[in-house]
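Colleague: My questions will all concern the structure given below.
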Amino acid sequence: MLPRFPHYYSDMTRRDLAVDLTDYLARRLVDLRPDEASAARVLCALVKNQRLG
């Protein structure tokens, strides 16, 4: 995922954007494609809990 977000570590708004995008995908896909929604929730949790520095 990091190649999609240049300056991920130096700009916290990039991390917030990644959290917002994955959270949005999880909510939108829950009824359409449950497997992808689950993957988006996992990715969202990983990004939120990633230790920086």
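Identifiers in this document derive from the order of the structure tokens: chains are assigned A, B, ..., residues are numbered from 1 separately in each chain, and ligands are numbered from 1 in order of occurrence.
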Check chain A with DSSP on the backbone and list each residue it calls alpha helix (DSSP H), as a PyMOL selection string.
Modeller: chain A and resi 12-29+34-49
Colleague: Kindly export the residues of the current selection with C-alpha atoms, as a compact mmCIF listing (two decimals), in the first residue's frame.
Modeller:
```
# COMPACT_ATOMS: atom_id res chain seq x y z
CA MET A 12 0.10 12.21 8.87
CA THR A 13 -2.74 13.37 6.62
CA ARG A 14 -1.73 10.57 4.23
CA ARG A 15 -2.24 8.03 6.99
CA ASP A 16 -5.61 9.57 7.85
CA LEU A 17 -6.57 9.38 4.18
CA ALA A 18 -5.66 5.68 4.07
CA VAL A 19 -7.79 5.04 7.17
CA ASP A 20 -10.71 6.99 5.72
CA LEU A 21 -10.52 5.21 2.37
CA THR A 22 -10.37 1.72 3.82
CA ASP A 23 -13.16 2.50 6.28
CA TYR A 24 -15.31 3.84 3.44
CA LEU A 25 -14.67 0.74 1.34
CA ALA A 26 -15.53 -1.55 4.24
CA ARG A 27 -18.86 0.19 4.77
CA ARG A 28 -19.80 0.35 1.09
CA LEU A 29 -18.87 -3.25 0.28
CA PRO A 34 -18.50 -9.30 2.09
CA ASP A 35 -15.03 -10.81 1.52
CA GLU A 36 -13.65 -7.55 0.21
CA ALA A 37 -15.37 -5.62 3.00
CA SER A 38 -13.67 -7.89 5.53
CA ALA A 39 -10.28 -7.31 3.89
CA ALA A 40 -10.87 -3.56 3.94
CA ARG A 41 -11.70 -3.70 7.67
CA VAL A 42 -8.52 -5.65 8.36
CA LEU A 43 -6.43 -3.19 6.34
CA CYS A 44 -8.08 -0.26 8.13
CA ALA A 45 -7.23 -1.76 11.52
CA LEU A 46 -3.64 -2.42 10.45
CA VAL A 47 -3.14 1.15 9.26
CA LYS A 48 -4.74 2.59 12.42
CA ASN A 49 -2.57 0.46 14.70
```
